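Data block for work15.pdb (PDB, C-alpha atoms, pLDDT in the B column):
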ATOM      1  CA  MET A 939       9.157   7.999 -14.083  1.00 59.00           C
ATOM      2  CA  SER A 940       6.710   9.641 -11.722  1.00 93.00           C
ATOM      3  CA  VAL A 941       6.000   6.536  -9.647  1.00 97.00           C
ATOM      4  CA  ARG A 942       8.692   4.032  -8.708  1.00 98.00           C
ATOM      5  CA  VAL A 943       8.503   0.932  -6.550  1.00 98.00           C
ATOM      6  CA  GLN A 944      11.912  -0.550  -5.822  1.00 98.00           C
ATOM      7  CA  SER A 945      13.905  -2.482  -3.239  1.00 98.00           C
ATOM      8  CA  ALA A 946      17.109  -0.499  -3.855  1.00 98.00           C
ATOM      9  CA  PRO A 947      17.917   2.612  -1.808  1.00 98.00           C
ATOM     10  CA  PHE A 948      17.546   5.984  -3.515  1.00 97.00           C
ATOM     11  CA  ASP A 949      19.569   9.179  -3.316  1.00 97.00           C
ATOM     12  CA  MET A 950      17.099  11.808  -2.121  1.00 96.00           C
ATOM     13  CA  GLY A 951      19.361  14.715  -3.132  1.00 96.00           C
ATOM     14  CA  ALA A 952      19.834  13.416  -6.668  1.00 97.00           C
ATOM     15  CA  GLU A 953      16.122  12.617  -6.998  1.00 97.00           C
ATOM     16  CA  VAL A 954      15.064  16.095  -5.871  1.00 97.00           C
ATOM     17  CA  ALA A 955      17.645  17.756  -8.139  1.00 97.00           C
ATOM     18  CA  ALA A 956      16.417  15.804 -11.169  1.00 96.00           C
ATOM     19  CA  PHE A 957      12.761  16.414 -10.250  1.00 97.00           C
ATOM     20  CA  THR A 958      13.353  20.155  -9.825  1.00 96.00           C
ATOM     21  CA  ALA A 959      15.342  20.417 -13.063  1.00 95.00           C
ATOM     22  CA  SER A 960      12.452  18.878 -15.008  1.00 92.00           C
ATOM     23  CA  ALA A 961       9.723  21.027 -13.443  1.00 87.00           C
ATOM     24  CA  PRO A 962       9.738  24.133 -15.643  1.00 84.00           C
ATOM     25  CA  GLY A 963       7.515  26.967 -14.465  1.00 90.00           C
ATOM     26  CA  ALA A 964       7.445  25.756 -10.877  1.00 94.00           C
ATOM     27  CA  GLY A 965       7.902  28.295  -8.094  1.00 96.00           C
ATOM     28  CA  ALA A 966       7.777  25.752  -5.269  1.00 97.00           C
ATOM     29  CA  VAL A 967       8.990  22.217  -4.697  1.00 98.00           C
ATOM     30  CA  VAL A 968       7.928  20.333  -1.561  1.00 98.00           C
ATOM     31  CA  THR A 969       9.575  17.049  -0.616  1.00 98.00           C
ATOM     32  CA  PHE A 970       8.922  14.532   2.122  1.00 97.00           C
ATOM     33  CA  SER A 971      10.897  11.458   3.030  1.00 97.00           C
ATOM     34  CA  GLY A 972       9.788   8.709   5.439  1.00 96.00           C
ATOM     35  CA  LEU A 973      12.438   6.815   7.440  1.00 96.00           C
ATOM     36  CA  VAL A 974      12.552   3.616   9.445  1.00 96.00           C
ATOM     37  CA  ARG A 975      12.389   4.671  13.119  1.00 92.00           C
ATOM     38  CA  ASP A 976      14.769   2.870  15.465  1.00 86.00           C
ATOM     39  CA  GLU A 977      12.156   2.972  18.291  1.00 83.00           C
ATOM     40  CA  GLY A 978      14.796   3.788  20.876  1.00 85.00           C
ATOM     41  CA  GLY A 979      17.089   1.017  19.701  1.00 86.00           C
ATOM     42  CA  SER A 980      14.485  -1.766  20.073  1.00 88.00           C
ATOM     43  CA  LEU A 981      13.881  -2.157  16.331  1.00 92.00           C
ATOM     44  CA  SER A 982      16.522  -4.184  14.513  1.00 94.00           C
ATOM     45  CA  ALA A 983      14.971  -4.338  11.036  1.00 96.00           C
ATOM     46  CA  MET A 984      11.846  -3.784   8.991  1.00 97.00           C
ATOM     47  CA  GLU A 985      10.500  -5.766   6.060  1.00 98.00           C
ATOM     48  CA  ILE A 986       8.023  -4.213   3.652  1.00 98.00           C
ATOM     49  CA  GLU A 987       5.789  -6.482   1.610  1.00 98.00           C
ATOM     50  CA  HIS A 988       3.795  -5.197  -1.339  1.00 98.00           C
ATOM     51  CA  TYR A 989       1.434  -6.336  -4.067  1.00 98.00           C
ATOM     52  CA  PRO A 990       3.347  -6.094  -7.376  1.00 98.00           C
ATOM     53  CA  GLY A 991       1.080  -4.726 -10.073  1.00 97.00           C
ATOM     54  CA  MET A 992      -1.548  -3.272  -7.777  1.00 98.00           C
ATOM     55  CA  THR A 993       1.054  -1.161  -5.972  1.00 98.00           C
ATOM     56  CA  GLU A 994       2.077   0.688  -9.134  1.00 97.00           C
ATOM     57  CA  ARG A 995      -1.559   1.046 -10.169  1.00 96.00           C
ATOM     58  CA  ALA A 996      -2.621   2.425  -6.785  1.00 97.00           C
ATOM     59  CA  LEU A 997       0.290   4.893  -6.652  1.00 97.00           C
ATOM     60  CA  GLU A 998      -0.395   6.091 -10.213  1.00 97.00           C
ATOM     61  CA  LYS A 999      -4.040   6.624  -9.305  1.00 96.00           C
ATOM     62  CA  ILE A1000      -3.196   8.587  -6.150  1.00 97.00           C
ATOM     63  CA  ARG A1001      -0.644  10.684  -8.052  1.00 97.00           C
ATOM     64  CA  ALA A1002      -3.113  11.379 -10.877  1.00 96.00           C
ATOM     65  CA  GLU A1003      -5.707  12.477  -8.349  1.00 96.00           C
ATOM     66  CA  ALA A1004      -3.248  14.892  -6.724  1.00 97.00           C
ATOM     67  CA  VAL A1005      -2.298  16.349 -10.109  1.00 95.00           C
ATOM     68  CA  GLY A1006      -5.985  16.764 -10.936  1.00 94.00           C
ATOM     69  CA  ARG A1007      -6.938  18.422  -7.651  1.00 96.00           C
ATOM     70  CA  TRP A1008      -4.112  20.873  -7.244  1.00 96.00           C
ATOM     71  CA  SER A1009      -2.327  23.078  -9.679  1.00 93.00           C
ATOM     72  CA  LEU A1010       0.844  21.004  -9.918  1.00 96.00           C
ATOM     73  CA  THR A1011       3.490  21.058 -12.585  1.00 95.00           C
ATOM     74  CA  ASP A1012       4.639  17.597 -11.479  1.00 96.00           C
ATOM     75  CA  ALA A1013       4.520  15.024  -8.672  1.00 97.00           C
ATOM     76  CA  MET A1014       6.605  11.961  -7.944  1.00 97.00           C
ATOM     77  CA  VAL A1015       6.550   9.040  -5.529  1.00 98.00           C
ATOM     78  CA  ILE A1016       9.278   6.501  -4.746  1.00 98.00           C
ATOM     79  CA  HIS A1017       8.414   3.680  -2.337  1.00 98.00           C
ATOM     80  CA  ARG A1018      10.728   0.855  -1.335  1.00 98.00           C
ATOM     81  CA  TYR A1019       9.965  -2.717  -0.353  1.00 98.00           C
ATOM     82  CA  GLY A1020      12.015  -5.576   1.086  1.00 98.00           C
ATOM     83  CA  PRO A1021      14.358  -5.530   4.085  1.00 98.00           C
ATOM     84  CA  LEU A1022      15.262  -2.158   5.614  1.00 98.00           C
ATOM     85  CA  LYS A1023      17.396  -1.066   8.543  1.00 97.00           C
ATOM     86  CA  PRO A1024      16.609   1.673  11.102  1.00 96.00           C
ATOM     87  CA  GLY A1025      17.426   5.101   9.672  1.00 95.00           C
ATOM     88  CA  GLU A1026      16.977   4.013   6.063  1.00 97.00           C
ATOM     89  CA  GLN A1027      14.653   5.885   3.754  1.00 97.00           C
ATOM     90  CA  ILE A1028      11.393   4.037   3.064  1.00 97.00           C
ATOM     91  CA  MET A1029       9.814   6.411   0.611  1.00 97.00           C
ATOM     92  CA  MET A1030       9.673   9.944  -0.703  1.00 98.00           C
ATOM     93  CA  VAL A1031       7.201  12.234  -2.393  1.00 98.00           C
ATOM     94  CA  ALA A1032       7.923  15.445  -4.244  1.00 98.00           C
ATOM     95  CA  THR A1033       5.457  17.959  -5.633  1.00 98.00           C
ATOM     96  CA  ALA A1034       6.109  20.987  -7.817  1.00 97.00           C
ATOM     97  CA  ALA A1035       3.708  23.880  -8.297  1.00 97.00           C
ATOM     98  CA  ARG A1036       3.679  27.565  -9.179  1.00 96.00           C
ATOM     99  CA  HIS A1037       2.813  28.363  -5.554  1.00 96.00           C
ATOM    100  CA  ARG A1038       3.756  26.659  -2.306  1.00 97.00           C
ATOM    101  CA  LYS A1039       0.246  26.015  -0.962  1.00 97.00           C
ATOM    102  CA  ASP A1040      -0.611  23.665  -3.809  1.00 97.00           C
ATOM    103  CA  ALA A1041       2.736  21.899  -3.397  1.00 98.00           C
ATOM    104  CA  PHE A1042       2.350  21.479   0.390  1.00 98.00           C
ATOM    105  CA  ASP A1043      -1.306  20.403   0.271  1.00 98.00           C
ATOM    106  CA  ALA A1044      -0.717  17.921  -2.555  1.00 98.00           C
ATOM    107  CA  ALA A1045       2.290  16.426  -0.731  1.00 98.00           C
ATOM    108  CA  GLU A1046       0.181  15.903   2.402  1.00 97.00           C
ATOM    109  CA  PHE A1047      -2.612  14.396   0.334  1.00 97.00           C
ATOM    110  CA  LEU A1048      -0.145  11.993  -1.317  1.00 97.00           C
ATOM    111  CA  MET A1049       1.198  10.938   2.083  1.00 96.00           C
ATOM    112  CA  ASP A1050      -2.241  10.423   3.621  1.00 95.00           C
ATOM    113  CA  TYR A1051      -3.414   8.336   0.692  1.00 95.00           C
ATOM    114  CA  LEU A1052      -0.355   6.218   0.227  1.00 94.00           C
ATOM    115  CA  LYS A1053      -0.389   5.321   3.914  1.00 93.00           C
ATOM    116  CA  SER A1054      -3.709   3.515   3.668  1.00 90.00           C
ATOM    117  CA  ARG A1055      -4.533   3.094  -0.034  1.00 95.00           C
ATOM    118  CA  ALA A1056      -1.283   1.711  -1.469  1.00 97.00           C
ATOM    119  CA  PRO A1057      -0.782  -2.026  -0.849  1.00 98.00           C
ATOM    120  CA  PHE A1058       2.269  -2.050   1.411  1.00 98.00           C
ATOM    121  CA  TRP A1059       2.563  -3.892   4.722  1.00 98.00           C
ATOM    122  CA  LYS A1060       5.307  -3.301   7.253  1.00 97.00           C
ATOM    123  CA  LYS A1061       6.728  -5.943   9.537  1.00 97.00           C
ATOM    124  CA  GLU A1062       9.015  -4.954  12.387  1.00 96.00           C
ATOM    125  CA  PHE A1063      11.752  -7.125  13.861  1.00 96.00           C
ATOM    126  CA  GLY A1064      12.681  -6.300  17.435  1.00 92.00           C
ATOM    127  CA  ALA A1065      13.529  -7.704  20.826  1.00 86.00           C
ATOM    128  CA  ASP A1066      10.044  -9.265  21.095  1.00 84.00           C
ATOM    129  CA  GLY A1067      10.298 -11.017  17.732  1.00 94.00           C
ATOM    130  CA  GLU A1068       8.424 -10.017  14.611  1.00 96.00           C
ATOM    131  CA  THR A1069       5.210  -8.011  14.450  1.00 96.00           C
ATOM    132  CA  TRP A1070       3.067  -6.738  11.599  1.00 97.00           C
ATOM    133  CA  VAL A1071       2.507  -3.014  11.990  1.00 95.00           C
ATOM    134  CA  ALA A1072      -1.193  -2.359  12.573  1.00 93.00           C
ATOM    135  CA  ALA A1073      -2.959   0.393  10.651  1.00 90.00           C
ATOM    136  CA  LYS A1074      -4.063   3.281  12.865  1.00 88.00           C
ATOM    137  CA  ASP A1075      -7.606   4.632  12.999  1.00 84.00           C
ATOM    138  CA  ASP A1076      -5.987   8.044  12.483  1.00 86.00           C
ATOM    139  CA  ASP A1077      -4.705   6.924   9.081  1.00 86.00           C
ATOM    140  CA  GLU A1078      -8.247   6.288   7.880  1.00 85.00           C
ATOM    141  CA  ALA A1079      -9.566   9.468   9.538  1.00 86.00           C
ATOM    142  CA  ALA A1080      -6.823  11.476   7.793  1.00 87.00           C
ATOM    143  CA  LEU A1081      -8.465  10.748   4.434  1.00 89.00           C
ATOM    144  CA  GLU A1082     -11.699  12.438   5.434  1.00 89.00           C
ATOM    145  CA  ARG A1083     -10.223  15.932   5.326  1.00 88.00           C
ATOM    146  CA  TRP A1084      -9.651  15.610   1.585  1.00 88.00           C
TER
ATOM    147  CA  MET B 485     -10.361 -20.329 -12.296  1.00 93.00           C
ATOM    148  CA  ILE B 486      -9.584 -17.394 -10.076  1.00 97.00           C
ATOM    149  CA  ASP B 487      -6.151 -16.594  -8.675  1.00 98.00           C
ATOM    150  CA  VAL B 488      -6.519 -15.918  -4.963  1.00 98.00           C
ATOM    151  CA  LEU B 489      -3.626 -13.957  -3.422  1.00 98.00           C
ATOM    152  CA  TYR B 490      -2.775 -13.449   0.240  1.00 98.00           C
ATOM    153  CA  PHE B 491      -0.540 -10.831   1.814  1.00 98.00           C
ATOM    154  CA  ALA B 492       1.083 -10.094   5.182  1.00 98.00           C
ATOM    155  CA  TRP B 493      -0.305 -12.083   8.161  1.00 98.00           C
ATOM    156  CA  ILE B 494      -3.070 -13.603   6.061  1.00 98.00           C
ATOM    157  CA  ARG B 495      -0.419 -15.131   3.777  1.00 98.00           C
ATOM    158  CA  GLU B 496       1.481 -16.388   6.824  1.00 98.00           C
ATOM    159  CA  ARG B 497      -1.613 -17.874   8.419  1.00 97.00           C
ATOM    160  CA  ILE B 498      -2.699 -19.654   5.260  1.00 97.00           C
ATOM    161  CA  GLY B 499       0.866 -20.697   4.452  1.00 96.00           C
ATOM    162  CA  GLU B 500       0.676 -19.847   0.733  1.00 96.00           C
ATOM    163  CA  PRO B 501       0.973 -16.553  -1.158  1.00 98.00           C
ATOM    164  CA  LYS B 502      -1.376 -17.709  -3.918  1.00 98.00           C
ATOM    165  CA  GLU B 503      -3.772 -20.462  -4.891  1.00 97.00           C
ATOM    166  CA  GLN B 504      -5.914 -21.180  -7.917  1.00 97.00           C
ATOM    167  CA  VAL B 505      -9.532 -21.723  -7.070  1.00 97.00           C
ATOM    168  CA  GLU B 506     -12.310 -23.238  -9.140  1.00 96.00           C
ATOM    169  CA  THR B 507     -15.415 -21.459  -7.942  1.00 95.00           C
ATOM    170  CA  THR B 508     -18.953 -20.491  -8.802  1.00 92.00           C
ATOM    171  CA  ALA B 509     -19.098 -17.919  -5.992  1.00 96.00           C
ATOM    172  CA  ALA B 510     -21.112 -14.871  -7.019  1.00 97.00           C
ATOM    173  CA  THR B 511     -19.435 -12.399  -4.682  1.00 98.00           C
ATOM    174  CA  VAL B 512     -16.225 -12.000  -2.674  1.00 98.00           C
ATOM    175  CA  ALA B 513     -18.169 -12.882   0.500  1.00 98.00           C
ATOM    176  CA  ASP B 514     -19.359 -16.142  -1.108  1.00 98.00           C
ATOM    177  CA  LEU B 515     -15.768 -16.916  -2.112  1.00 98.00           C
ATOM    178  CA  VAL B 516     -14.631 -16.336   1.482  1.00 98.00           C
ATOM    179  CA  ASP B 517     -17.255 -18.831   2.699  1.00 98.00           C
ATOM    180  CA  GLU B 518     -15.846 -21.396   0.257  1.00 97.00           C
ATOM    181  CA  LEU B 519     -12.223 -20.678   1.178  1.00 98.00           C
ATOM    182  CA  LYS B 520     -12.992 -21.117   4.884  1.00 97.00           C
ATOM    183  CA  THR B 521     -13.879 -24.762   4.235  1.00 97.00           C
ATOM    184  CA  ARG B 522     -10.480 -25.500   2.624  1.00 96.00           C
ATOM    185  CA  SER B 523      -8.527 -25.931   5.861  1.00 97.00           C
ATOM    186  CA  GLU B 524      -8.400 -24.928   9.498  1.00 97.00           C
ATOM    187  CA  ALA B 525      -5.747 -22.368   8.595  1.00 97.00           C
ATOM    188  CA  HIS B 526      -8.132 -20.768   6.084  1.00 98.00           C
ATOM    189  CA  ALA B 527     -10.963 -20.748   8.636  1.00 97.00           C
ATOM    190  CA  LEU B 528      -8.662 -19.084  11.173  1.00 97.00           C
ATOM    191  CA  ALA B 529      -7.345 -16.527   8.677  1.00 97.00           C
ATOM    192  CA  PHE B 530     -10.883 -15.477   7.724  1.00 98.00           C
ATOM    193  CA  SER B 531     -12.339 -15.611  11.250  1.00 97.00           C
ATOM    194  CA  ASP B 532     -12.437 -11.818  11.694  1.00 96.00           C
ATOM    195  CA  MET B 533     -13.473 -10.189   8.428  1.00 96.00           C
ATOM    196  CA  SER B 534     -13.320  -6.692   9.953  1.00 95.00           C
ATOM    197  CA  ALA B 535      -9.506  -7.088   9.862  1.00 94.00           C
ATOM    198  CA  ILE B 536      -9.426  -7.982   6.168  1.00 97.00           C
ATOM    199  CA  ARG B 537      -9.503  -5.868   3.025  1.00 97.00           C
ATOM    200  CA  VAL B 538     -10.020  -7.115  -0.522  1.00 98.00           C
ATOM    201  CA  ALA B 539      -8.911  -6.127  -4.006  1.00 98.00           C
ATOM    202  CA  VAL B 540     -10.562  -7.527  -7.118  1.00 98.00           C
ATOM    203  CA  ASP B 541      -8.408  -7.413 -10.252  1.00 98.00           C
ATOM    204  CA  GLN B 542      -6.072  -5.095  -8.350  1.00 97.00           C
ATOM    205  CA  ASP B 543      -8.693  -2.517  -7.355  1.00 96.00           C
ATOM    206  CA  LEU B 544      -9.660  -2.076  -3.715  1.00 96.00           C
ATOM    207  CA  THR B 545     -13.313  -3.010  -3.237  1.00 97.00           C
ATOM    208  CA  GLU B 546     -15.896  -4.396  -0.792  1.00 97.00           C
ATOM    209  CA  MET B 547     -16.776  -7.957   0.249  1.00 97.00           C
ATOM    210  CA  THR B 548     -20.074  -7.565  -1.627  1.00 97.00           C
ATOM    211  CA  ALA B 549     -18.260  -7.107  -4.966  1.00 98.00           C
ATOM    212  CA  PRO B 550     -19.391  -9.490  -7.742  1.00 98.00           C
ATOM    213  CA  LEU B 551     -16.911 -12.003  -9.151  1.00 97.00           C
ATOM    214  CA  ASN B 552     -18.292 -12.176 -12.671  1.00 94.00           C
ATOM    215  CA  GLY B 553     -15.355 -12.415 -15.109  1.00 94.00           C
ATOM    216  CA  VAL B 554     -12.822 -11.687 -12.383  1.00 97.00           C
ATOM    217  CA  ARG B 555      -9.301 -13.143 -12.690  1.00 97.00           C
ATOM    218  CA  GLU B 556      -7.629 -12.159  -9.430  1.00 98.00           C
ATOM    219  CA  VAL B 557      -8.841 -11.637  -5.871  1.00 98.00           C
ATOM    220  CA  ALA B 558      -6.438 -10.558  -3.132  1.00 98.00           C
ATOM    221  CA  PHE B 559      -6.986 -10.567   0.629  1.00 98.00           C
ATOM    222  CA  PHE B 560      -4.846  -8.513   2.994  1.00 98.00           C
ATOM    223  CA  PRO B 561      -4.905  -6.535   6.239  1.00 97.00           C
ATOM    224  CA  PRO B 562      -5.338  -2.735   6.231  1.00 97.00           C
ATOM    225  CA  MET B 563      -2.392  -1.221   4.379  1.00 97.00           C
ATOM    226  CA  THR B 564       0.539   0.393   6.173  1.00 96.00           C
ATOM    227  CA  GLY B 565       2.498   2.269   3.531  1.00 94.00           C
ATOM    228  CA  GLY B 566       4.294   5.578   3.801  1.00 91.00           C
TER
END
Starting from the file, give its structure as structure tokens.
Amino acid sequence: MSVRVQSAPFDMGAEVAAFTASAPGAGAVVTFSGLVRDEGGSLSAMEIEHYPGMTERALEKIRAEAVGRWSLTDAMVIHRYGPLKPGEQIMMVATAARHRKDAFDAAEFLMDYLKSRAPFWKKEFGADGETWVAAKDDDEAALERW
Amino acid sequence: MIDVLYFAWIRERIGEPKEQVETTAATVADLVDELKTRSEAHALAFSDMSAIRVAVDQDLTEMTAPLNGVREVAFFPPMTGG
């Protein structure tokens, strides 16, 4: 499965090993994993809400666009939802290509797009109570370079 | 009947994740005008439309999008994935 949306944790090492083993012809694999920051100890938990149905659709679309734009042998995305603790993995992307530039560029593209085009919303729980994480102008601006 | 879905703080402000709406609204913007009359919570949730994004049948779109034949409309703040 190239796109997975799940509440359960994932084993990054096992995922990358399986992804690499099924990417014949690849000369480069790039991986990225996003973690819950502890914000200097002030963040006690995070909750990620998503839009079941649209989330999978949006991620598939973003992945298909990456595969179409770069010379990739494969690409995968895992994104979690539900309650998460500081230090936990939120998501990962992996791209495989014959050459590293395609793999790096496609991984960055995937990250930029899934930040502001996949229907996830983060809520942080800290000393000041609970707050919805606001989208940054930078996130939107990051899409313009593609 | 259209299913109207709310996410994140919009869901919290309205107090429901989903409601079924009988409407003749031609566009998303017209639907928003109707929803605002449902309760004070709705009016408050939709008071600043620059903070709200919309998906029609699970595709991100604009407030001007037509509602002809549409089954599901979702309102939510800008997404914060990754």
With a distance threshold of 10 Å and counting all atoms listed in the file, extract the residues of chain A near chain B and express them as JSON, numbers by chain.
-> {"A": [971, 972, 973, 986, 987, 988, 989, 990, 991, 992, 993, 995, 996, 1016, 1017, 1018, 1019, 1028, 1029, 1030, 1031, 1048, 1049, 1050, 1051, 1052, 1053, 1054, 1055, 1056, 1057, 1058, 1059, 1060, 1061, 1069, 1070, 1071, 1072, 1073, 1074, 1077, 1078]}
Leaving out stretch 497-500 of chain B and any residue of its chain fewer than 4 positions from it, which residues lie within 7 Å of it when counting all atoms listed in the file, given as a PyMOL selection string?
-> chain B and resi 493+525-526+529
Which distance in Å separates atom CA of A:Phe1047 and atom CA of A:Val1005, to one decimal?
->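 Here the two named atoms are 10.6 Å from each other.
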For the structure shown, which residues end up in the PyMOL selection byres ((chain B and resi 507) around 9)? Put them as a list of chain:residue names, please?
->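 That selection, the PyMOL selection byres ((chain B and resi 507) around 9), comes back as B:Met485, B:Ile486, B:Val505, B:Glu506, B:Thr508, B:Ala509, B:Ala510, B:Leu515, B:Glu518.
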Tell me, in Å to one decimal, how far atom CA of A:Ser960 is from atom CA of A:Val1015.
->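 Those two atoms sit 14.9 Å apart.
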Between atom CA of A:Thr1033 and atom CA of A:Ser940, what is the distance, to one decimal in Å?
->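 If I compute the distance from atom CA of A:Thr1033 to atom CA of A:Ser940, I get 10.4 Å.
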Evaluate the PyMOL selection byres ((chain A and resi 967) around 7) and record the selected residues as a PyMOL selection string, following the chain and residue labels used in the document.
-> chain A and resi 966+968-969+1032-1035+1041
Which residues, written as a list of chain:residue names, have at least one atom at most 12 Å from B:Asp514, with all atoms listed in the file counted and residues fewer than 5 positions away on the same chain left out?
-> B:Thr507, B:Thr508, B:Ala509, B:Leu519, B:Lys520, B:Thr521, B:Met547, B:Thr548, B:Ala549, B:Pro550, B:Leu551
Distance query 12 Å from (9.7, -4.3, 13.9) using all atoms listed in the file, result as a PyMOL selection string | chain A and resi 974-986+1021-1024+1059-1072
